[in-house]
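Visitor: Sharing input28.txt below, compact mmCIF, C-alpha atoms:
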```txt
# COMPACT_ATOMS: atom_id res chain seq x y z
CA MET A 135 73.77 -113.36 86.76
CA ASN A 136 76.21 -110.42 86.80
CA LEU A 137 78.55 -110.00 83.84
CA ARG A 138 81.64 -107.87 84.35
CA LEU A 139 84.20 -106.92 81.71
CA ARG A 140 87.86 -106.39 82.52
CA ARG A 141 87.63 -102.78 81.38
CA ASP A 142 84.75 -102.21 83.82
CA LEU A 143 86.70 -103.79 86.68
CA HIS A 144 89.68 -101.58 85.83
CA ALA A 145 87.39 -98.54 85.82
CA ASP A 146 86.24 -99.56 89.33
CA GLY A 147 89.86 -99.62 90.50
CA TYR A 148 90.61 -103.36 90.36
CA THR A 149 94.08 -104.38 89.17
CA ASP A 150 94.88 -107.40 86.98
CA ALA A 151 96.47 -109.06 90.01
CA GLU A 152 93.23 -108.66 91.96
CA ILE A 153 91.25 -110.05 89.06
CA ARG A 154 93.53 -113.10 88.93
CA ARG A 155 93.14 -113.66 92.68
CA ALA A 156 89.36 -113.40 92.35
CA LEU A 157 89.44 -115.99 89.57
CA ARG A 158 91.54 -118.38 91.66
CA ALA A 159 89.23 -117.90 94.64
CA GLY A 160 86.12 -118.54 92.54
CA ARG A 161 84.67 -115.08 93.09
CA LEU A 162 84.91 -114.51 89.33
CA ARG A 163 84.41 -117.02 86.54
CA ALA A 164 85.85 -116.38 83.08
CA ILE A 165 83.31 -116.82 80.31
CA ARG A 166 85.61 -115.49 77.59
CA ARG A 167 88.79 -113.45 77.46
CA GLY A 168 88.21 -110.28 79.44
CA ALA A 169 84.65 -111.18 80.51
CA TYR A 170 83.68 -112.64 83.87
CA LEU A 171 80.63 -113.74 85.85
CA THR A 172 80.30 -112.86 89.51
CA GLU A 173 77.93 -115.79 90.11
CA PRO A 174 77.66 -119.20 88.43
CA PRO A 175 75.13 -119.51 85.57
CA GLY A 176 72.16 -121.70 86.34
CA ASP A 177 71.98 -123.82 83.17
CA PRO A 178 73.36 -124.04 79.60
CA VAL A 179 70.89 -121.43 78.36
CA ASP A 180 71.97 -118.96 81.04
CA ARG A 181 75.62 -119.66 80.23
CA HIS A 182 74.99 -119.06 76.55
CA LEU A 183 73.10 -115.83 77.15
CA ALA A 184 75.97 -114.62 79.34
CA ALA A 185 78.38 -115.50 76.53
CA VAL A 186 76.15 -113.57 74.10
CA ARG A 187 76.39 -110.45 76.25
CA ALA A 188 80.13 -110.85 76.62
CA ALA A 189 80.61 -111.27 72.86
CA ALA A 190 78.30 -108.37 71.99
CA ALA A 191 80.39 -106.09 74.20
CA VAL A 192 83.64 -106.69 72.32
CA LEU A 193 82.67 -107.55 68.72
CA SER A 194 82.64 -104.98 65.93
CA ALA A 195 79.71 -102.59 65.77
CA ASP A 196 78.21 -104.28 62.69
CA ALA A 197 78.08 -107.74 64.31
CA VAL A 198 74.51 -108.91 64.94
CA VAL A 199 73.63 -111.84 67.21
CA SER A 200 71.89 -114.42 65.03
CA ASN A 201 70.65 -117.98 64.53
CA VAL A 202 70.18 -120.07 67.70
CA SER A 203 71.82 -117.39 69.84
CA ALA A 204 69.23 -114.89 68.61
CA ALA A 205 66.46 -117.41 69.30
CA LEU A 206 67.54 -117.56 72.94
CA VAL A 207 67.70 -113.77 73.18
CA HIS A 208 64.10 -113.70 71.90
CA GLY A 209 63.18 -116.10 74.72
CA LEU A 210 62.56 -119.15 72.53
CA PRO A 211 63.28 -122.69 73.78
CA VAL A 212 65.90 -124.84 72.11
CA TRP A 213 66.32 -128.60 72.20
CA ALA A 214 69.44 -130.64 71.30
CA VAL A 215 71.19 -127.70 69.63
CA PRO A 216 74.87 -127.09 70.48
CA LEU A 217 75.35 -123.94 72.54
CA ASP A 218 79.14 -124.03 72.53
CA ARG A 219 79.57 -120.92 70.38
CA VAL A 220 77.78 -117.59 70.10
CA ARG A 221 76.39 -117.15 66.58
CA VAL A 222 76.72 -113.70 65.02
CA THR A 223 76.29 -112.35 61.49
CA ARG A 224 78.13 -109.49 59.84
CA PRO A 225 76.44 -107.79 56.84
CA ARG A 226 79.36 -108.44 54.54
CA ARG A 227 79.97 -110.79 51.65
CA ARG A 228 82.82 -112.96 52.92
CA SER A 229 85.45 -110.91 54.70
CA GLY A 230 85.46 -111.56 58.45
CA ALA A 231 83.71 -114.94 58.58
CA ARG A 232 85.34 -117.29 61.08
CA ILE A 233 84.68 -120.07 63.54
CA GLY A 234 86.47 -119.47 66.83
CA ALA A 235 86.49 -121.32 70.11
CA ARG A 236 83.62 -119.22 71.47
CA VAL A 237 82.14 -117.28 68.54
CA HIS A 238 80.96 -118.35 65.08
CA VAL A 239 80.89 -115.36 62.74
CA ARG A 240 78.95 -115.64 59.47
CA CYS A 241 78.87 -113.08 56.71
CA ALA A 242 75.53 -112.52 54.98
CA PRO A 243 73.39 -109.61 53.75
CA LEU A 244 71.13 -108.07 56.40
CA ASP A 245 68.36 -105.59 55.64
CA THR A 246 67.31 -102.97 58.14
CA ARG A 247 64.18 -105.05 58.80
CA ASP A 248 66.45 -107.95 59.78
CA VAL A 249 67.95 -106.23 62.83
CA VAL A 250 66.27 -105.29 66.11
CA VAL A 251 67.55 -104.43 69.58
CA ARG A 252 66.65 -106.67 72.52
CA ASP A 253 67.93 -105.88 76.00
CA GLY A 254 70.53 -103.57 74.48
CA ILE A 255 71.84 -106.22 72.05
CA SER A 256 71.65 -106.02 68.26
CA VAL A 257 69.97 -109.22 67.22
CA THR A 258 68.30 -110.55 64.09
CA SER A 259 64.53 -110.04 63.96
CA PRO A 260 62.28 -112.98 64.87
CA ALA A 261 61.48 -113.71 61.21
CA ARG A 262 65.12 -113.60 60.09
CA THR A 263 66.17 -115.62 63.14
CA LEU A 264 63.71 -118.37 62.24
CA SER A 265 64.86 -118.29 58.62
CA ASP A 266 68.48 -118.79 59.72
CA VAL A 267 67.54 -121.51 62.20
CA ALA A 268 65.32 -123.41 59.75
CA ARG A 269 68.05 -123.35 57.09
CA THR A 270 70.87 -124.58 59.32
CA VAL A 271 69.44 -126.61 62.22
CA PRO A 272 68.08 -130.20 61.86
CA PHE A 273 64.36 -130.43 61.13
CA GLU A 274 63.11 -131.60 64.54
CA GLN A 275 65.16 -129.03 66.46
CA ALA A 276 64.05 -126.27 64.09
CA VAL A 277 60.36 -127.21 64.47
CA VAL A 278 60.66 -126.84 68.26
CA ILE A 279 61.90 -123.25 67.86
CA VAL A 280 59.51 -122.18 65.08
CA ASP A 281 56.47 -123.69 66.85
CA ALA A 282 57.34 -121.68 69.96
CA ALA A 283 57.72 -118.46 67.97
CA LEU A 284 54.24 -118.95 66.46
CA ARG A 285 52.74 -119.84 69.83
CA ARG A 286 54.18 -116.72 71.46
CA GLY A 287 53.11 -114.42 68.64
CA LEU A 288 56.61 -113.39 67.58
CA VAL A 289 55.64 -114.26 64.00
CA ASP A 290 52.55 -115.51 62.18
CA HIS A 291 52.13 -117.83 59.22
CA ASP A 292 52.05 -114.89 56.79
CA ALA A 293 55.46 -113.77 58.04
CA LEU A 294 56.80 -117.30 57.64
CA ALA A 295 55.42 -117.48 54.09
CA ALA A 296 57.12 -114.20 53.21
CA GLU A 297 60.40 -115.41 54.72
CA ARG A 298 60.10 -118.74 52.92
CA GLU A 299 59.75 -116.97 49.58
CA ARG A 300 62.60 -114.63 50.39
CA CYS A 301 65.10 -117.36 51.29
CA ARG A 302 64.05 -120.05 48.80
CA ARG A 303 67.22 -119.57 46.72
CA TRP A 304 69.52 -119.24 49.71
CA PRO A 305 71.56 -122.19 51.00
CA GLY A 306 69.18 -124.35 53.01
CA GLY A 307 66.10 -122.69 51.52
CA PRO A 308 64.25 -125.98 50.84
CA ALA A 309 64.90 -127.10 54.42
CA ALA A 310 63.41 -123.85 55.72
CA ALA A 311 60.35 -124.28 53.48
CA ARG A 312 59.78 -127.75 54.95
CA VAL A 313 60.05 -126.49 58.53
CA PHE A 314 57.75 -123.51 57.92
CA ALA A 315 55.13 -125.71 56.24
CA PHE A 316 55.12 -128.12 59.18
CA ALA A 317 55.23 -125.55 62.01
CA ASP A 318 52.15 -125.18 64.20
CA GLY A 319 51.81 -122.71 67.04
CA ARG A 320 49.23 -124.91 68.76
CA SER A 321 52.05 -127.12 70.07
CA ASP A 322 52.25 -126.13 73.70
CA ASN A 323 55.87 -127.08 74.46
CA PRO A 324 58.97 -128.70 72.89
CA GLY A 325 57.70 -132.18 73.78
CA GLU A 326 54.51 -131.64 71.81
CA SER A 327 56.49 -130.26 68.86
CA ARG A 328 58.72 -133.32 68.91
CA SER A 329 55.64 -135.51 69.21
CA ARG A 330 54.19 -134.08 66.00
CA VAL A 331 57.47 -134.80 64.23
CA ALA A 332 57.49 -138.38 65.55
CA ILE A 333 53.84 -138.92 64.57
CA ALA A 334 54.51 -137.70 61.03
CA ALA A 335 57.68 -139.81 60.74
CA ALA A 336 55.68 -142.88 61.77
CA GLY A 337 53.27 -142.31 58.87
CA LEU A 338 50.27 -141.75 61.14
CA PRO A 339 47.43 -139.41 60.13
CA PRO A 340 48.08 -135.85 61.30
CA PRO A 341 46.32 -135.22 64.62
CA GLN A 342 44.57 -132.03 65.68
CA PRO A 343 46.68 -130.32 68.35
CA GLN A 344 44.84 -129.08 71.45
CA TRP A 345 41.68 -131.02 70.61
CA GLU A 346 38.62 -129.82 72.56
CA VAL A 347 36.75 -132.91 73.72
CA ARG A 348 33.05 -132.27 74.24
CA THR A 349 30.02 -134.34 75.14
CA ALA A 350 27.15 -134.80 72.71
CA GLY A 351 25.48 -131.88 74.49
CA GLY A 352 28.48 -129.61 73.93
CA GLU A 353 29.98 -129.69 77.44
CA LEU A 354 33.76 -129.30 77.40
CA LEU A 355 35.37 -132.28 79.09
CA GLY A 356 38.95 -131.21 78.52
CA ILE A 357 41.58 -130.47 75.91
CA GLY A 358 43.71 -133.32 74.63
CA ASP A 359 47.25 -132.63 73.47
CA PHE A 360 46.38 -134.41 70.22
CA GLY A 361 43.17 -135.75 68.78
CA TRP A 362 42.13 -138.06 65.96
CA LYS A 363 38.41 -137.32 65.80
CA ARG A 364 37.50 -140.01 63.28
CA GLY A 365 39.50 -142.57 65.19
CA ARG A 366 37.99 -141.47 68.53
CA THR A 367 41.51 -141.31 69.99
CA VAL A 368 43.27 -138.79 72.22
CA GLY A 369 47.07 -138.56 72.36
CA GLU A 370 48.69 -137.20 75.51
CA PHE A 371 52.32 -136.17 75.93
CA ASP A 372 53.24 -136.46 79.60
CA GLY A 373 56.08 -134.04 80.18
CA ARG A 374 57.45 -133.17 83.59
CA ARG A 375 56.18 -129.60 83.20
CA LYS A 376 52.59 -130.84 83.41
CA TYR A 377 53.21 -131.96 86.98
CA GLY A 378 55.88 -129.40 87.88
CA ARG A 379 56.58 -125.90 86.64
CA ASP A 380 53.20 -125.54 84.89
CA LEU A 381 51.19 -126.04 88.07
CA ARG A 382 48.64 -123.37 88.92
CA PRO A 383 49.24 -121.27 92.06
CA GLY A 384 48.58 -123.40 95.12
CA GLN A 385 48.34 -126.62 93.11
CA GLU A 386 50.43 -129.60 94.21
CA PRO A 387 51.81 -132.25 91.81
CA GLY A 388 49.42 -134.79 93.31
CA ASP A 389 46.50 -132.50 92.54
CA ALA A 390 47.60 -132.28 88.92
CA VAL A 391 47.92 -136.06 88.63
CA PHE A 392 44.43 -136.53 90.10
CA ALA A 393 42.98 -133.91 87.73
CA GLU A 394 44.63 -135.68 84.79
CA LYS A 395 43.11 -139.00 85.88
CA ARG A 396 39.61 -137.49 86.14
CA ARG A 397 40.01 -135.89 82.73
CA GLU A 398 41.12 -139.18 81.19
CA ASP A 399 38.22 -141.01 82.86
CA ALA A 400 35.84 -138.46 81.30
CA PHE A 401 37.38 -139.05 77.88
CA ARG A 402 37.00 -142.81 78.21
CA ALA A 403 33.42 -142.42 79.41
CA GLU A 404 32.70 -140.76 76.05
CA GLY A 405 34.09 -143.80 74.26
CA LEU A 406 37.48 -142.30 73.46
CA ALA A 407 40.75 -144.21 73.60
CA VAL A 408 43.67 -142.45 75.27
CA VAL A 409 47.29 -143.12 74.35
CA ARG A 410 50.00 -141.59 76.52
CA TRP A 411 53.74 -141.21 76.01
CA THR A 412 56.65 -139.53 77.73
CA TRP A 413 59.78 -137.61 76.76
CA ALA A 414 61.80 -140.85 76.78
CA ASP A 415 59.36 -142.46 74.33
CA LEU A 416 60.12 -139.79 71.73
CA ASP A 417 63.59 -141.27 71.18
CA CYS A 418 62.02 -144.59 70.13
CA PHE A 419 58.47 -143.83 69.10
CA ALA A 420 57.64 -147.05 67.22
CA PRO A 421 55.86 -148.80 70.16
CA VAL A 422 53.73 -145.70 70.80
CA ALA A 423 52.98 -145.39 67.09
CA ASP A 424 51.83 -149.02 67.06
CA ARG A 425 49.45 -148.34 69.96
CA ILE A 426 48.02 -145.28 68.21
CA ARG A 427 47.67 -147.20 64.96
CA ALA A 428 45.82 -150.00 66.74
CA ARG A 429 43.41 -147.55 68.40
CA LEU A 430 42.71 -145.79 65.11
CA ALA A 431 41.95 -149.17 63.56
CA GLY A 432 39.49 -149.92 66.37
CA ARG A 433 41.59 -152.67 67.92
```
Have the structure of the file written as structure tokens, please.

Guide:
Amino acid sequence: MNLRLRRDLHADGYTDAEIRRALRAGRLRAIRRGAYLTEPPGDPVDRHLAAVRAAAAVLSADAVVSNVSAALVHGLPVWAVPLDRVRVTRPRRRSGARIGARVHVRCAPLDTRDVVVRDGISVTSPARTLSDVARTVPFEQAVVIVDAALRRGLVDHDALAAERERCRRWPGGPAAARVFAFADGRSDNPGESRSRVAIAAAGLPPPQPQWEVRTAGGELLGIGDFGWKRGRTVGEFDGRRKYGRDLRPGQEPGDAVFAEKRREDAFRAEGLAVVRWTWADLDCFAPVADRIRARLAGR
């Protein structure tokens, strides 16, 4: 993706008339006033990151990319969070806050520890980004982001505890405390994070993420996405990534499916029940929860 600003095009000798012709011909695509892409963005995340770069180039020097926009700059996944506006924060009390068509500007205090530079962009630090996200984004969506930050080592639980204490009196502080207490870096992807939220909402006992299943002699049979050891039950989230983008080099989707079947057979041979669900099941988890509940009860 190649972002070009009008001032850069002018510096290269292009006139406004030429820019307009390029826009009409589709050779340029406007992403905001005075900012253009020379190739179409691949997906909503790419579009948002392009908009972040465009906004960062024209906003005031004290504007810092923040919240969900900062999460994307840090490489974190988002789920079901609007990406219609770039989120930025200015370290002021109130003056300058606004919600525009493409940029949402907040005003809030920022310490020096709150600001880092990523790819040439001033952005809130991982800890401050998660604090802002957890205070303003719905619980499930926030858990997806915070789980990923823990999994990737951008923060640890000590950093979350410090941030929780720091923001406890801020607007949304209790919501952030709830997210940070629930977050678990062992969730391997957004689907597993959402699964933990759904399991908790159903009132089921908390499972152990990434449960190592071993024989009585200690041989590792495999790692279940979730495990209820006392209930002798394995929970498996079947996301598309398991049979697609997460394949090992040279591995075909059919190979992955066969390997999953052999792993499940090994689990069952050890007397374990296996309950599977998909991304679609997460939107109505009650039937899956009933199956898990039945297995835990030995039915």

Visitor: Hey, what's within 7 Å of Val257 in chain A if we count only C-alpha atoms and toss same-chain stuff fewer than 3 positions away? As a list of chain:residue names, please?

Guide: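 The neighbour list is A:Val198, A:Val199, A:Ser200, A:Ala204, A:Val249, A:Val250, A:Val251, A:Arg252.
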
Visitor: Show me the residues close to (67.0, -111.0, 65.7) - anything with an atom within 12 Å, counting all atoms listed in the file - and format the list as an mmCIF file with C-alpha atoms, in the frame of the given file.

Guide:
```
data_model
loop_
_atom_site.group_PDB
_atom_site.id
_atom_site.type_symbol
_atom_site.label_atom_id
_atom_site.label_comp_id
_atom_site.auth_asym_id
_atom_site.auth_seq_id
_atom_site.Cartn_x
_atom_site.Cartn_y
_atom_site.Cartn_z
ATOM 1 C CA ALA A 197 78.080 -107.740 64.310
ATOM 2 C CA VAL A 198 74.510 -108.910 64.940
ATOM 3 C CA VAL A 199 73.630 -111.840 67.210
ATOM 4 C CA SER A 200 71.890 -114.420 65.030
ATOM 5 C CA ASN A 201 70.650 -117.980 64.530
ATOM 6 C CA VAL A 202 70.180 -120.070 67.700
ATOM 7 C CA SER A 203 71.820 -117.390 69.840
ATOM 8 C CA ALA A 204 69.230 -114.890 68.610
ATOM 9 C CA ALA A 205 66.460 -117.410 69.300
ATOM 10 C CA LEU A 206 67.540 -117.560 72.940
ATOM 11 C CA VAL A 207 67.700 -113.770 73.180
ATOM 12 C CA HIS A 208 64.100 -113.700 71.900
ATOM 13 C CA GLY A 209 63.180 -116.100 74.720
ATOM 14 C CA LEU A 210 62.560 -119.150 72.530
ATOM 15 C CA ARG A 221 76.390 -117.150 66.580
ATOM 16 C CA VAL A 222 76.720 -113.700 65.020
ATOM 17 C CA THR A 223 76.290 -112.350 61.490
ATOM 18 C CA LEU A 244 71.130 -108.070 56.400
ATOM 19 C CA ASP A 245 68.360 -105.590 55.640
ATOM 20 C CA THR A 246 67.310 -102.970 58.140
ATOM 21 C CA ARG A 247 64.180 -105.050 58.800
ATOM 22 C CA ASP A 248 66.450 -107.950 59.780
ATOM 23 C CA VAL A 249 67.950 -106.230 62.830
ATOM 24 C CA VAL A 250 66.270 -105.290 66.110
ATOM 25 C CA VAL A 251 67.550 -104.430 69.580
ATOM 26 C CA ARG A 252 66.650 -106.670 72.520
ATOM 27 C CA ASP A 253 67.930 -105.880 76.000
ATOM 28 C CA ILE A 255 71.840 -106.220 72.050
ATOM 29 C CA SER A 256 71.650 -106.020 68.260
ATOM 30 C CA VAL A 257 69.970 -109.220 67.220
ATOM 31 C CA THR A 258 68.300 -110.550 64.090
ATOM 32 C CA SER A 259 64.530 -110.040 63.960
ATOM 33 C CA PRO A 260 62.280 -112.980 64.870
ATOM 34 C CA ALA A 261 61.480 -113.710 61.210
ATOM 35 C CA ARG A 262 65.120 -113.600 60.090
ATOM 36 C CA THR A 263 66.170 -115.620 63.140
ATOM 37 C CA LEU A 264 63.710 -118.370 62.240
ATOM 38 C CA SER A 265 64.860 -118.290 58.620
ATOM 39 C CA ASP A 266 68.480 -118.790 59.720
ATOM 40 C CA VAL A 267 67.540 -121.510 62.200
ATOM 41 C CA LEU A 288 56.610 -113.390 67.580
ATOM 42 C CA VAL A 289 55.640 -114.260 64.000
#
```

Visitor: Got a sec to check which residues sit within 10 Å of (65.5, -132.8, 65.8), counting only C-alpha atoms, and write them as a list in words?

Guide: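 I get Trp213, Ala214, Val215, Val271, Pro272, Phe273, Glu274, Gln275, Ala276, Val277, Val278, Ser327, Arg328, Val331 and Ala332 of chain A for the residues within 10 Å of that point.
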
Visitor: Tell me which of A:Glu394, A:Arg298, A:Ala151, A:Gly369 sits closest to Arg425 in chain A, counting only C-alpha atoms.

Guide: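 Smallest distance to Arg425 in chain A is found for A:Gly369.
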
Visitor: Have a look at CA of Glu398 in chain A and CA of Arg285 in chain A and let me know their distance in Å, one decimal.

Guide: 25.3 Å

Visitor: Work out how far CA of Gly319 in chain A is from CA of Val409 in chain A, in Å to one decimal.

Guide: 22.1 Å

Visitor: Quick one, how far is CA of Trp362 in chain A from CA of Gly405 in chain A?

Guide: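 Here the two named atoms are 12.9 Å from each other.
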
Visitor: For Val347 in chain A, list every protein, DNA or RNA residue within 10 Å, evaluated using all atoms listed in the file, and leave out those in the same chain fewer than 2 positions away; present the list as a list in words.

Guide: Gln344, Trp345, Thr349, Ala350, Gly352, Glu353, Leu354, Leu355, Gly356, Ile357, Gly358, Gly361, Lys363, Val368, Ala400, Phe401, Glu404 and Leu406 of chain A

Visitor: Taking into account all atoms listed in the file, which residue in the set A:Trp304, A:Phe314, A:Trp413, A:Phe419 is nearest to Leu338 in chain A?

Guide: A:Phe419

Visitor: Of the residues A:Ala283, A:Ala195, A:Ala295, A:Ala335, which is the one nearest to Ala311 in chain A, using all atoms listed in the file?

Guide: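 Closest candidate: A:Ala295.
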
Visitor: Nearest to Ala414 in chain A among A:Ala185, A:Asp399, A:Gly432, A:Gly325, with distances taken over all atoms listed in the file: which residue is it?

Guide: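 Of A:Ala185, A:Asp399, A:Gly432, A:Gly325, the one nearest Ala414 in chain A is A:Gly325, counting all atoms listed in the file.
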